[in-house]
Structures are given as C-alpha cells and as structure tokens.
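Let me begin by presenting the structure, written as structure tokens, before commenting on it.
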Amino acid sequence: MRTTYRMRAGRFLGILAAGLIILGVAAVLWALGLPAVAVSVFVTLGGMITLAGLWILARPPKVARLRDNEIEVRGVRTPWTDVTEVGRVDTTHGEAIVLRTKQPDHPILLPISWISPKRVPSLETTLREKLNAAHGYTIWDGTAPDDADSAE
C-alpha cells in the first residue's frame, strides 16, 4: 500500500497572485495605449505564470510517499528498517517530524507547516504503524500471555 502526502496548496497562492498581477499590468499597458508587442509580452508571461499557479494549486508537490518497505521524503528513499525513531523537533522553520535513521548524522525532517493540518495526525499514525511493522513490533493489548507462551 502506498500513501502520498502533498504540500499545502495555500503555500503556492503567491504564484497565482504574481501571474494575475502581471496580467493586470498588461491591462494597464493596453489602456495606456502602449504598443501591442509590449502588451502581448505581459499577457503571455502573466498567462503562463497564472496557468502554472493553477496547476500547482491543483497538484501540489509531493512531500512524503509511504510504501510498505520504504519511505520517500522529498525524493530521498529510505528503507523502513533503517528508520529507528519517529518524533517531533523544533527547527528554525517551526515544528517538524523527524525520522531518525541508523546513521545518526542523517535525520529526515518533514516540516509540519508544509502539510495540511488535517493530515498531520494521520501522517504521524501511519509513520508509527509502518515503523512498528518494519521492526516487528505490535501494540500491547493489555493482556497477559498464556502459560504456554514462555519466554524461554
């Protein structure tokens, strides 16, 4: 099973706004009677940026892709068996989910502000479940084992 988490679309409203501003400049240039070449350059540029902004709002970039055997964060793939811990840390860009790996100098950071606030709890739950499954852990249900299940 594969689960994909994308960046919040709202982070990219500035691209759409820039395109619309450039289209507004084209309208002003046209109203002032400037040559059609100047107006067409601004219309073309503004139109392309506006379309790019709409495309990014419709399909924001992928931040994390969780598969059964590996996790891919911003294009870097790491097997679940190499991940040792999942938690939260404070960074200079705000709070982030950190995946600590067997290589202590290479933690994987996933800024929480990049993801829709509604999806953060499900991401953390899925991360823990995948990590537990990769290392063979199960959630203790509070019951004691049978006498036949000895540790010896």
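Within each chain, counting starts at residue 1; across the structure tokens, chains are named A, B, ... in the order shown, with ligands numbered 1 upward in that order.
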Long-range neighbours of Met1 of chain A as a PyMOL selection string, 12 Å cut-off, only C-alpha atoms, 4 positions minimum in chain = chain A and resi 65-71+126+130
Taking the backbone alone, and naming residues the way the document does, which bits of segment 38-134 of chain A are alpha helix (DSSP H) by DSSP, as number ranges by chain?
-> A: 38-58, 120-134
To one decimal place, how far is atom CA of Thr101 of chain A from atom CA of Pro79 of chain A in Å?
->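 Separation between atom CA of Thr101 of chain A and atom CA of Pro79 of chain A: 9.5 Å.
Ranking A:Gly75, A:Gly53, A:Pro111, A:Gly14 by their shortest atom-to-atom distance to Arg88 of chain A, with only C-alpha atoms included, puts A:Pro111 first.
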Given the choices A:Ala134, A:Leu57, A:Ala31, A:Ala52, which gets closest to Thr84 of chain A if the distance is worked out from only C-alpha atoms?
->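 Residue with the minimum atom-to-atom distance to Thr84 of chain A: A:Ala134.
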Might you pull out every residue within 7 Å of Val73 of chain A, with only C-alpha atoms counted and same-chain residues fewer than 3 positions away left off, and present them as number ranges by chain?
-> A: 63-65, 76-77
Residues as selected, N, CA and C atoms, written as a PDB file, in the first residue's frame, can you do that?
ATOM      1  N   VAL A  63       5.427  15.630  -0.767  1.00  0.00           N
ATOM      2  CA  VAL A  63       6.383  15.790   0.320  1.00  0.00           C
ATOM      3  C   VAL A  63       6.869  14.426   0.789  1.00  0.00           C
ATOM      4  N   ALA A  64       5.930  13.514   0.992  1.00  0.00           N
ATOM      5  CA  ALA A  64       6.290  12.188   1.501  1.00  0.00           C
ATOM      6  C   ALA A  64       5.439  11.132   0.818  1.00  0.00           C
ATOM      7  N   ARG A  65       6.081  10.017   0.547  1.00  0.00           N
ATOM      8  CA  ARG A  65       5.398   8.860  -0.032  1.00  0.00           C
ATOM      9  C   ARG A  65       5.751   7.656   0.839  1.00  0.00           C
ATOM     10  N   VAL A  76      14.105  11.509  -1.392  1.00  0.00           N
ATOM     11  CA  VAL A  76      15.114  10.637  -0.778  1.00  0.00           C
ATOM     12  C   VAL A  76      14.418   9.402  -0.223  1.00  0.00           C
ATOM     13  N   ARG A  77      14.808   8.232  -0.726  1.00  0.00           N
ATOM     14  CA  ARG A  77      14.196   6.979  -0.280  1.00  0.00           C
ATOM     15  C   ARG A  77      15.019   6.350   0.828  1.00  0.00           C
TER      16      ARG A  77
END
Using DSSP on the backbone coordinates, identify the residues of segment 21-144 of chain A assigned to strand (DSSP E or B); present them as a PyMOL selection string.
-> chain A and resi 62-66+70-73+76-79+83-91+94-101+108-111+115
Expected file: the selected residues, N, CA and C atoms, as a compact mmCIF listing (two decimals), in the first residue's frame:
# COMPACT_ATOMS: atom_id res chain seq x y z
N LYS A 62 4.74 16.59 -4.05
CA LYS A 62 4.70 15.52 -3.06
C LYS A 62 5.79 15.75 -2.03
N VAL A 63 5.43 15.63 -0.77
CA VAL A 63 6.38 15.79 0.32
C VAL A 63 6.87 14.43 0.79
N ALA A 64 5.93 13.51 0.99
CA ALA A 64 6.29 12.19 1.50
C ALA A 64 5.44 11.13 0.82
N ARG A 65 6.08 10.02 0.55
CA ARG A 65 5.40 8.86 -0.03
C ARG A 65 5.75 7.66 0.84
N LEU A 66 4.74 7.09 1.48
CA LEU A 66 4.95 5.95 2.39
C LEU A 66 4.56 4.67 1.68
N GLU A 70 9.51 1.12 2.24
CA GLU A 70 10.36 2.31 2.30
C GLU A 70 9.52 3.57 2.42
N ILE A 71 10.21 4.63 2.81
CA ILE A 71 9.60 5.96 2.85
C ILE A 71 10.42 6.86 1.94
N GLU A 72 9.73 7.72 1.21
CA GLU A 72 10.39 8.68 0.34
C GLU A 72 9.98 10.07 0.79
N VAL A 73 10.94 10.85 1.26
CA VAL A 73 10.68 12.22 1.69
C VAL A 73 11.48 13.15 0.80
N VAL A 76 14.11 11.51 -1.39
CA VAL A 76 15.11 10.64 -0.78
C VAL A 76 14.42 9.40 -0.22
N ARG A 77 14.81 8.23 -0.73
CA ARG A 77 14.20 6.98 -0.28
C ARG A 77 15.02 6.35 0.83
N THR A 78 14.31 5.88 1.85
CA THR A 78 14.94 5.23 2.99
C THR A 78 14.13 4.00 3.36
N PRO A 79 14.77 2.84 3.47
CA PRO A 79 14.02 1.64 3.90
C PRO A 79 13.54 1.81 5.35
N VAL A 83 15.06 3.18 9.62
CA VAL A 83 14.48 4.20 10.49
C VAL A 83 14.40 3.63 11.89
N THR A 84 14.92 4.38 12.86
CA THR A 84 14.95 3.89 14.24
C THR A 84 13.91 4.57 15.14
N GLU A 85 13.49 5.78 14.79
CA GLU A 85 12.60 6.53 15.67
C GLU A 85 11.86 7.60 14.89
N VAL A 86 10.64 7.88 15.29
CA VAL A 86 9.84 8.95 14.72
C VAL A 86 9.43 9.86 15.87
N GLY A 87 9.58 11.16 15.69
CA GLY A 87 9.20 12.10 16.73
C GLY A 87 9.05 13.50 16.17
N ARG A 88 8.94 14.46 17.07
CA ARG A 88 8.84 15.87 16.68
C ARG A 88 10.01 16.64 17.24
N VAL A 89 10.45 17.63 16.49
CA VAL A 89 11.52 18.52 16.93
C VAL A 89 11.17 19.94 16.52
N ASP A 90 11.76 20.90 17.24
CA ASP A 90 11.62 22.30 16.87
C ASP A 90 12.81 22.67 16.00
N THR A 91 12.53 23.32 14.87
CA THR A 91 13.59 23.77 13.97
C THR A 91 13.45 25.27 13.78
N GLY A 94 10.08 26.15 12.36
CA GLY A 94 8.92 25.66 13.08
C GLY A 94 9.05 24.19 13.42
N GLU A 95 7.96 23.61 13.87
CA GLU A 95 7.97 22.22 14.29
C GLU A 95 8.05 21.29 13.08
N ALA A 96 8.76 20.18 13.25
CA ALA A 96 8.92 19.21 12.18
C ALA A 96 8.84 17.80 12.73
N ILE A 97 8.45 16.88 11.86
CA ILE A 97 8.51 15.46 12.19
C ILE A 97 9.89 15.00 11.80
N VAL A 98 10.57 14.31 12.71
CA VAL A 98 11.91 13.83 12.43
C VAL A 98 11.89 12.31 12.40
N LEU A 99 12.54 11.77 11.39
CA LEU A 99 12.75 10.33 11.29
C LEU A 99 14.24 10.11 11.53
N ARG A 100 14.55 9.53 12.66
CA ARG A 100 15.96 9.25 12.94
C ARG A 100 16.31 7.91 12.31
N THR A 101 17.49 7.88 11.69
CA THR A 101 17.92 6.68 10.99
C THR A 101 19.10 6.04 11.69
N ILE A 108 15.86 12.62 8.89
CA ILE A 108 14.99 13.10 7.82
C ILE A 108 13.96 14.02 8.47
N LEU A 109 13.92 15.27 8.04
CA LEU A 109 13.00 16.25 8.60
C LEU A 109 11.85 16.51 7.65
N LEU A 110 10.67 16.58 8.20
CA LEU A 110 9.47 16.85 7.44
C LEU A 110 8.72 17.99 8.14
N PRO A 111 8.92 19.25 7.69
CA PRO A 111 8.26 20.38 8.36
C PRO A 111 6.73 20.22 8.38
N ILE A 115 2.46 20.56 5.44
CA ILE A 115 1.35 19.62 5.24
C ILE A 115 0.08 20.23 5.80
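Atom CA of Ala18 of chain A is found 7.7 Å from atom CA of Gly46 of chain A.
Minimum atom-to-atom distances from A:Gly33, A:Gly19, A:Pro121, A:Pro60 to Leu45 of chain A were compared using only C-alpha atoms, and the lowest value belongs to A:Gly19.
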